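A.B. asks: Next comes the structure file query.txt, holding compact mmCIF, N, CA and C atoms and all ligand atoms.
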```txt
# COMPACT_ATOMS: atom_id res chain seq x y z
N MET A 10 71.38 15.92 -35.29
CA MET A 10 70.64 15.82 -34.03
C MET A 10 71.18 14.67 -33.18
N ASN A 11 71.24 14.87 -31.88
CA ASN A 11 71.77 13.85 -30.98
C ASN A 11 70.79 12.70 -30.80
N LYS A 12 71.35 11.54 -30.58
CA LYS A 12 70.51 10.37 -30.32
C LYS A 12 69.93 10.47 -28.91
N MET A 13 68.71 9.97 -28.78
CA MET A 13 68.03 10.03 -27.50
C MET A 13 67.62 8.62 -27.07
N VAL A 14 67.42 8.46 -25.77
CA VAL A 14 66.92 7.19 -25.25
C VAL A 14 65.51 7.44 -24.72
N CYS A 15 64.58 6.58 -25.12
CA CYS A 15 63.21 6.70 -24.66
C CYS A 15 63.07 5.96 -23.34
N THR A 16 62.65 6.66 -22.29
CA THR A 16 62.51 6.01 -20.98
C THR A 16 61.22 5.19 -20.92
N GLN A 17 60.38 5.35 -21.92
CA GLN A 17 59.09 4.65 -21.96
C GLN A 17 59.28 3.23 -22.51
N CYS A 18 59.93 3.12 -23.67
CA CYS A 18 60.09 1.80 -24.29
C CYS A 18 61.55 1.39 -24.37
N GLY A 19 62.48 2.24 -23.90
CA GLY A 19 63.88 1.87 -23.82
C GLY A 19 64.62 1.84 -25.15
N VAL A 20 64.02 2.40 -26.19
CA VAL A 20 64.60 2.35 -27.51
C VAL A 20 65.54 3.56 -27.71
N VAL A 21 66.63 3.35 -28.45
CA VAL A 21 67.53 4.44 -28.80
C VAL A 21 67.06 4.97 -30.14
N CYS A 22 66.77 6.26 -30.19
CA CYS A 22 66.17 6.78 -31.41
C CYS A 22 66.59 8.22 -31.64
N LEU A 23 66.30 8.68 -32.83
CA LEU A 23 66.41 10.10 -33.11
C LEU A 23 65.02 10.67 -32.84
N PRO A 24 64.93 11.73 -32.04
CA PRO A 24 63.60 12.25 -31.72
C PRO A 24 62.86 12.72 -32.96
N GLU A 25 61.57 12.55 -32.92
CA GLU A 25 60.73 12.91 -34.05
C GLU A 25 59.84 14.07 -33.62
N ARG A 26 59.56 14.97 -34.56
CA ARG A 26 58.66 16.08 -34.25
C ARG A 26 57.24 15.51 -34.24
N ILE A 27 56.61 15.51 -33.08
CA ILE A 27 55.29 14.90 -32.96
C ILE A 27 54.24 15.99 -32.72
N THR A 28 53.18 15.94 -33.53
CA THR A 28 52.09 16.90 -33.40
C THR A 28 50.92 16.20 -32.73
N PRO A 29 50.43 16.73 -31.61
CA PRO A 29 49.29 16.09 -30.96
C PRO A 29 48.01 16.24 -31.77
N GLY A 30 47.03 15.45 -31.43
CA GLY A 30 45.75 15.53 -32.13
C GLY A 30 45.80 14.77 -33.43
N SER A 31 44.75 14.90 -34.22
CA SER A 31 44.73 14.18 -35.50
C SER A 31 44.26 15.10 -36.62
N VAL A 32 44.75 14.78 -37.82
CA VAL A 32 44.40 15.56 -39.00
C VAL A 32 42.90 15.44 -39.26
N VAL A 33 42.36 14.24 -38.98
CA VAL A 33 40.93 13.99 -39.22
C VAL A 33 40.08 14.96 -38.39
N THR A 34 40.40 15.08 -37.10
CA THR A 34 39.67 15.99 -36.22
C THR A 34 39.77 17.42 -36.75
N GLU A 35 40.95 17.78 -37.22
CA GLU A 35 41.17 19.13 -37.72
C GLU A 35 40.27 19.41 -38.93
N ILE A 36 40.21 18.43 -39.83
CA ILE A 36 39.37 18.59 -41.03
C ILE A 36 37.90 18.71 -40.65
N VAL A 37 37.47 17.84 -39.71
CA VAL A 37 36.07 17.86 -39.24
C VAL A 37 35.73 19.22 -38.66
N LEU A 38 36.66 19.75 -37.84
CA LEU A 38 36.42 21.06 -37.21
C LEU A 38 36.40 22.18 -38.25
N PHE A 39 37.21 22.05 -39.30
CA PHE A 39 37.23 23.06 -40.36
C PHE A 39 35.92 23.04 -41.14
N ILE A 40 35.33 21.82 -41.24
CA ILE A 40 34.04 21.71 -41.93
C ILE A 40 32.97 22.38 -41.07
N CYS A 41 33.05 22.20 -39.73
CA CYS A 41 32.09 22.80 -38.79
C CYS A 41 32.17 24.32 -38.84
N GLY A 42 33.33 24.84 -39.08
CA GLY A 42 33.51 26.28 -39.11
C GLY A 42 34.98 26.61 -39.07
N ILE A 43 35.35 27.72 -39.65
CA ILE A 43 36.76 28.12 -39.73
C ILE A 43 37.37 28.29 -38.34
N LEU A 44 36.61 28.91 -37.43
CA LEU A 44 37.16 29.24 -36.11
C LEU A 44 37.56 28.00 -35.29
N PRO A 45 36.64 27.02 -35.09
CA PRO A 45 37.06 25.83 -34.32
C PRO A 45 38.25 25.12 -34.96
N GLY A 46 38.25 25.08 -36.28
CA GLY A 46 39.34 24.44 -37.01
C GLY A 46 40.66 25.16 -36.79
N LEU A 47 40.57 26.48 -36.81
CA LEU A 47 41.76 27.32 -36.63
C LEU A 47 42.32 27.17 -35.22
N ILE A 48 41.40 27.18 -34.23
CA ILE A 48 41.82 27.04 -32.83
C ILE A 48 42.51 25.70 -32.63
N TYR A 49 41.90 24.65 -33.20
CA TYR A 49 42.46 23.30 -33.08
C TYR A 49 43.83 23.23 -33.75
N CYS A 50 43.94 23.87 -34.92
CA CYS A 50 45.19 23.89 -35.68
C CYS A 50 46.29 24.58 -34.88
N ILE A 51 45.96 25.71 -34.26
CA ILE A 51 46.94 26.46 -33.45
C ILE A 51 47.34 25.63 -32.23
N TRP A 52 46.32 24.96 -31.61
CA TRP A 52 46.59 24.13 -30.44
C TRP A 52 47.55 22.99 -30.78
N ARG A 53 47.34 22.41 -31.96
CA ARG A 53 48.21 21.31 -32.39
C ARG A 53 49.65 21.79 -32.59
N LEU A 54 49.79 22.95 -33.27
CA LEU A 54 51.13 23.47 -33.56
C LEU A 54 51.83 23.89 -32.27
N ALA A 55 51.05 24.45 -31.32
CA ALA A 55 51.63 24.89 -30.05
C ALA A 55 52.06 23.71 -29.20
N GLY A 56 51.36 22.59 -29.39
CA GLY A 56 51.63 21.41 -28.57
C GLY A 56 52.70 20.49 -29.15
N GLN A 57 53.31 20.89 -30.26
CA GLN A 57 54.33 20.05 -30.90
C GLN A 57 55.49 19.80 -29.95
N TYR A 58 56.00 18.58 -29.99
CA TYR A 58 57.14 18.25 -29.13
C TYR A 58 58.02 17.21 -29.82
N ASN A 59 59.24 17.10 -29.31
CA ASN A 59 60.14 16.07 -29.81
C ASN A 59 59.92 14.82 -28.98
N GLY A 60 59.57 13.75 -29.63
CA GLY A 60 59.27 12.53 -28.89
C GLY A 60 59.84 11.30 -29.55
N CYS A 61 59.58 10.17 -28.90
CA CYS A 61 60.04 8.88 -29.40
C CYS A 61 59.22 8.47 -30.61
N PRO A 62 59.86 8.14 -31.74
CA PRO A 62 59.09 7.76 -32.93
C PRO A 62 58.37 6.42 -32.75
N ALA A 63 58.82 5.61 -31.79
CA ALA A 63 58.21 4.29 -31.61
C ALA A 63 56.93 4.35 -30.79
N CYS A 64 56.95 5.09 -29.65
CA CYS A 64 55.78 5.07 -28.78
C CYS A 64 55.21 6.46 -28.55
N LYS A 65 55.73 7.47 -29.24
CA LYS A 65 55.25 8.86 -29.15
C LYS A 65 55.40 9.47 -27.75
N SER A 66 56.28 8.88 -26.95
CA SER A 66 56.46 9.38 -25.59
C SER A 66 57.33 10.63 -25.59
N LYS A 67 56.98 11.54 -24.66
CA LYS A 67 57.77 12.76 -24.50
C LYS A 67 59.00 12.49 -23.66
N ASN A 68 58.99 11.36 -22.94
CA ASN A 68 60.03 11.07 -21.97
C ASN A 68 61.27 10.50 -22.64
N ILE A 69 61.95 11.36 -23.39
CA ILE A 69 63.21 10.93 -24.01
C ILE A 69 64.33 11.77 -23.43
N ILE A 70 65.47 11.13 -23.21
CA ILE A 70 66.61 11.81 -22.61
C ILE A 70 67.82 11.62 -23.51
N PRO A 71 68.74 12.61 -23.55
CA PRO A 71 69.92 12.46 -24.41
C PRO A 71 70.74 11.25 -24.02
N ILE A 72 71.32 10.61 -25.03
CA ILE A 72 72.11 9.40 -24.84
C ILE A 72 73.32 9.66 -23.95
N THR A 73 73.76 10.92 -23.89
CA THR A 73 74.93 11.29 -23.10
C THR A 73 74.58 11.54 -21.63
N SER A 74 73.29 11.65 -21.34
CA SER A 74 72.89 11.95 -19.97
C SER A 74 73.11 10.75 -19.06
N PRO A 75 73.52 11.00 -17.79
CA PRO A 75 73.78 9.88 -16.87
C PRO A 75 72.53 9.03 -16.63
N MET A 76 71.37 9.66 -16.77
CA MET A 76 70.11 8.94 -16.57
C MET A 76 69.87 7.88 -17.65
N ALA A 77 70.54 8.07 -18.81
CA ALA A 77 70.34 7.15 -19.93
C ALA A 77 71.16 5.88 -19.77
N GLN A 78 72.17 5.92 -18.90
CA GLN A 78 73.10 4.79 -18.76
C GLN A 78 72.41 3.46 -18.40
N PRO A 79 71.51 3.42 -17.40
CA PRO A 79 70.86 2.14 -17.09
C PRO A 79 70.11 1.55 -18.29
N PHE A 80 69.52 2.42 -19.11
CA PHE A 80 68.77 1.96 -20.28
C PHE A 80 69.73 1.38 -21.32
N LEU A 81 70.87 2.06 -21.50
CA LEU A 81 71.85 1.60 -22.47
C LEU A 81 72.46 0.27 -22.03
N GLU A 82 72.70 0.15 -20.73
CA GLU A 82 73.27 -1.09 -20.20
C GLU A 82 72.30 -2.24 -20.41
N ARG A 83 71.02 -1.96 -20.22
CA ARG A 83 70.00 -3.00 -20.39
C ARG A 83 69.92 -3.43 -21.86
N LEU A 84 70.02 -2.43 -22.75
CA LEU A 84 69.99 -2.74 -24.18
C LEU A 84 71.21 -3.58 -24.57
N GLN A 85 72.36 -3.21 -24.01
CA GLN A 85 73.60 -3.94 -24.29
C GLN A 85 73.49 -5.37 -23.78
N ALA A 86 72.91 -5.53 -22.60
CA ALA A 86 72.74 -6.85 -21.99
C ALA A 86 71.81 -7.70 -22.85
N MET A 87 70.78 -7.07 -23.40
CA MET A 87 69.82 -7.78 -24.24
C MET A 87 70.51 -8.26 -25.52
N LYS A 88 71.35 -7.38 -26.09
CA LYS A 88 72.07 -7.72 -27.32
C LYS A 88 73.06 -8.84 -27.05
N ALA A 89 73.74 -8.77 -25.89
CA ALA A 89 74.76 -9.75 -25.54
C ALA A 89 74.15 -11.11 -25.27
N SER A 90 72.93 -11.13 -24.76
CA SER A 90 72.30 -12.41 -24.41
C SER A 90 71.74 -13.13 -25.63
N GLN A 91 71.57 -12.40 -26.74
CA GLN A 91 70.97 -13.00 -27.92
C GLN A 91 71.83 -14.10 -28.57
N PRO A 92 73.15 -13.86 -28.80
CA PRO A 92 73.95 -14.91 -29.45
C PRO A 92 73.98 -16.20 -28.63
N VAL A 93 73.90 -16.10 -27.31
CA VAL A 93 73.92 -17.27 -26.44
C VAL A 93 72.70 -18.15 -26.71
N SER A 94 71.54 -17.50 -26.85
CA SER A 94 70.32 -18.27 -27.06
C SER A 94 70.29 -18.94 -28.44
N THR A 95 70.93 -18.29 -29.43
CA THR A 95 70.92 -18.87 -30.77
C THR A 95 71.93 -20.02 -30.88
N ALA A 96 72.97 -19.97 -30.02
CA ALA A 96 74.01 -21.00 -30.07
C ALA A 96 73.65 -22.20 -29.20
N SER A 97 72.45 -22.18 -28.62
CA SER A 97 72.07 -23.23 -27.67
C SER A 97 71.93 -24.60 -28.33
N SER A 98 71.84 -24.64 -29.66
CA SER A 98 71.69 -25.93 -30.33
C SER A 98 73.00 -26.72 -30.32
N THR A 99 74.12 -26.00 -30.17
CA THR A 99 75.41 -26.69 -30.16
C THR A 99 75.98 -26.78 -28.74
N ASP A 100 75.33 -26.10 -27.79
CA ASP A 100 75.81 -26.07 -26.41
C ASP A 100 74.74 -26.62 -25.48
N LYS A 101 75.19 -27.10 -24.35
CA LYS A 101 74.24 -27.48 -23.31
C LYS A 101 74.71 -26.87 -21.99
N ALA A 102 73.76 -26.59 -21.11
CA ALA A 102 74.11 -25.98 -19.84
C ALA A 102 74.28 -27.06 -18.79
N CYS A 103 75.34 -26.90 -18.00
CA CYS A 103 75.59 -27.85 -16.91
C CYS A 103 74.57 -27.62 -15.81
N PRO A 104 73.84 -28.64 -15.38
CA PRO A 104 72.83 -28.46 -14.34
C PRO A 104 73.45 -28.17 -12.97
N TYR A 105 74.73 -28.39 -12.88
CA TYR A 105 75.42 -28.24 -11.60
C TYR A 105 75.97 -26.81 -11.42
N CYS A 106 76.78 -26.35 -12.40
CA CYS A 106 77.41 -25.03 -12.26
C CYS A 106 76.90 -24.03 -13.29
N LYS A 107 75.92 -24.44 -14.13
CA LYS A 107 75.29 -23.57 -15.13
C LYS A 107 76.24 -23.11 -16.24
N ALA A 108 77.39 -23.73 -16.35
CA ALA A 108 78.34 -23.37 -17.41
C ALA A 108 77.85 -23.94 -18.74
N THR A 109 78.24 -23.27 -19.83
CA THR A 109 77.86 -23.77 -21.14
C THR A 109 78.96 -24.67 -21.67
N VAL A 110 78.57 -25.84 -22.07
CA VAL A 110 79.52 -26.86 -22.50
C VAL A 110 79.10 -27.31 -23.90
N PRO A 111 80.06 -27.53 -24.82
CA PRO A 111 79.68 -28.04 -26.15
C PRO A 111 78.95 -29.37 -26.01
N ILE A 112 77.96 -29.57 -26.86
CA ILE A 112 77.08 -30.74 -26.76
C ILE A 112 77.85 -32.05 -26.93
N SER A 113 79.00 -31.98 -27.63
CA SER A 113 79.81 -33.18 -27.87
C SER A 113 80.58 -33.60 -26.62
N GLN A 114 80.76 -32.63 -25.71
CA GLN A 114 81.55 -32.89 -24.50
C GLN A 114 80.65 -33.47 -23.42
N ASN A 115 81.06 -34.52 -22.77
CA ASN A 115 80.20 -35.18 -21.79
C ASN A 115 80.54 -34.86 -20.35
N THR A 116 81.69 -34.21 -20.16
CA THR A 116 82.09 -33.85 -18.81
C THR A 116 82.30 -32.34 -18.71
N CYS A 117 81.76 -31.76 -17.68
CA CYS A 117 81.91 -30.32 -17.47
C CYS A 117 83.20 -30.04 -16.73
N ASN A 118 83.65 -28.79 -16.81
CA ASN A 118 84.87 -28.39 -16.14
C ASN A 118 84.76 -28.56 -14.62
N CYS A 119 83.54 -28.53 -14.10
CA CYS A 119 83.33 -28.66 -12.66
C CYS A 119 83.34 -30.13 -12.21
N GLY A 120 83.37 -31.02 -13.21
CA GLY A 120 83.42 -32.44 -12.86
C GLY A 120 82.11 -33.17 -13.09
N TYR A 121 81.05 -32.43 -13.42
CA TYR A 121 79.76 -33.06 -13.66
C TYR A 121 79.81 -33.88 -14.95
N THR A 122 79.31 -35.07 -14.90
CA THR A 122 79.28 -35.93 -16.09
C THR A 122 77.84 -36.22 -16.46
N TRP A 123 77.52 -35.99 -17.73
CA TRP A 123 76.16 -36.27 -18.23
C TRP A 123 75.95 -37.77 -18.32
N PRO A 124 74.83 -38.27 -17.94
CA PRO A 124 74.59 -39.71 -18.07
C PRO A 124 74.57 -40.12 -19.54
N SER A 125 75.28 -41.14 -19.88
CA SER A 125 75.34 -41.58 -21.27
C SER A 125 74.02 -42.25 -21.65
N LYS A 126 73.64 -42.00 -22.94
CA LYS A 126 72.33 -42.49 -23.38
C LYS A 126 72.41 -43.97 -23.80
ZN ZN A 201 59.47 5.00 -26.91
ZN ZN A 202 79.53 -27.77 -14.45
```
Would you mind writing the file out in structure tokens?
C.D. replies:
Amino acid sequence: MNKMVCTQCGVVCLPERITPGSVVTEIVLFICGILPGLIYCIWRLAGQYNGCPACKSKNIIPITSPMAQPFLERLQAMKASQPVSTASSTDKACPYCKATVPISQNTCNCGYTWPSK
């Protein structure tokens, strides 16, 4: 099965077969009588759809679709930004040009010099 992108939560996933309603309701209706239970059971099976396993949304699009590209780019950007935040303990940002400079270095490439402690 092809990978899909959920437009609801932006997650890349394999679609899951989702059945609407709940098993509890179905059991309750079966206790009330065979007919309501049966109708509910048929309604649930008829309403089955492929959806996002994370948020149960029907709004999933194939990963190959052009509409999925902005979501994939956002995911990629999120992944790319993570190593920067974890490496912040060894780097400092220049207040002048926003460049990342190793914490041991006191002068930025733009000429900004950190005040010595
Ligand atoms: Zn989702
Ligand atoms: Zn700088």
A.B. asks: To test your reading of the structure, identify every residue in stretch 25-123 of chain A that backbone DSSP assigns to alpha helix (DSSP H), and report it as an MDAnalysis selection string.
C.D. replies: chainID A and resid 32:41 43:55 78:95
A.B. asks: Rounded to one decimal in Å, what is the spacing between atom CA of A:Ala63 and atom CA of A:Pro24?
C.D. replies: 9.6 Å
A.B. asks: Residues contacting ligand ZN 202 (chain A) - anything with an atom at most 12 Å away, using only C-alpha atoms and all ligand atoms - can you give me those as a list in words?
C.D. replies: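 Based on only C-alpha atoms and all ligand atoms, ligand ZN 202 (chain A) is surrounded within 12 Å by Lys101, Ala102, Cys103, Pro104, Tyr105, Cys106, Lys107, Ala108, Thr109, Val110, Pro111, Gln114, Asn115, Thr116, Cys117, Asn118, Cys119, Gly120, Tyr121, Thr122 and Trp123 of chain A.
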A.B. asks: Kindly compile the residues surrounding ligand ZN 201 (chain A) within 8 Å, counting only C-alpha atoms and all ligand atoms, and format them as JSON, numbers by chain.
C.D. replies: {"A": [14, 15, 16, 17, 18, 19, 20, 60, 61, 62, 63, 64, 65, 66, 68, 69]}
A.B. asks: So that all listed atoms of stretch 30-36 of chain A fit with 4 Å spare on each side, what axis-aligned box centre and edge lengths in Å, to one decimal, would you give as JSON?
C.D. replies:
```
{"center_x": 42.5, "center_y": 16.7, "center_z": -36.2, "size_x": 17.1, "size_y": 13.4, "size_z": 17.6}
```
A.B. asks: Do you have the atom CA of A:Pro29-atom CA of A:Ile51 distance handy?
C.D. replies: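 Separation between atom CA of A:Pro29 and atom CA of A:Ile51: 10.9 Å.
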A.B. asks: Would you mind telling me which residue in A:Ala77, A:Ile112, A:Ile72, A:Cys50 lies nearest to A:Leu38 when using only C-alpha atoms?
C.D. replies: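 Among the listed residues, A:Cys50 lies closest to A:Leu38.
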A.B. asks: Can you work out which one of A:Leu84, A:Val21, A:Ile27, A:Ala89 has the shortest atom-to-atom distance to A:Gly56, counting all atoms listed in the file?
C.D. replies: A:Ile27
A.B. asks: For atom CA of A:Ile48 and atom CA of A:Glu35, determine how far apart the two atoms are, in Å to one decimal place.
C.D. replies: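 According to the coordinates, atom CA of A:Ile48 and atom CA of A:Glu35 are separated by 9.3 Å.
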A.B. asks: Pull the strand (DSSP E) assignments for chain A out of DSSP run on the backbone, and list those residues as a list of chain:residue names.
C.D. replies: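 Those residues are A:Met13, A:Val14, A:Cys15, A:Val21, A:Cys22, A:Glu25, A:Arg26, A:Ile27, A:Tyr58, A:Asn59, A:Gly60, A:Ile69, A:Ile70, A:Pro71, A:Asp100, A:Lys101, A:Ala102, A:Thr109, A:Val110, A:Pro111.
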A.B. asks: Which is closer to A:Gly30 than all the others in A:Lys12, A:Thr73, A:Arg53, A:Leu47, using all atoms listed in the file?
C.D. replies: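 For A:Gly30, the nearest of the given residues is A:Arg53.
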A.B. asks: Here is a test: counting all atoms listed in the file, which residue of A:Ser31, A:Pro71, A:Trp52, A:Ile36 is nearest to A:Met13?
C.D. replies: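 Result for the nearest residue to A:Met13: A:Pro71.
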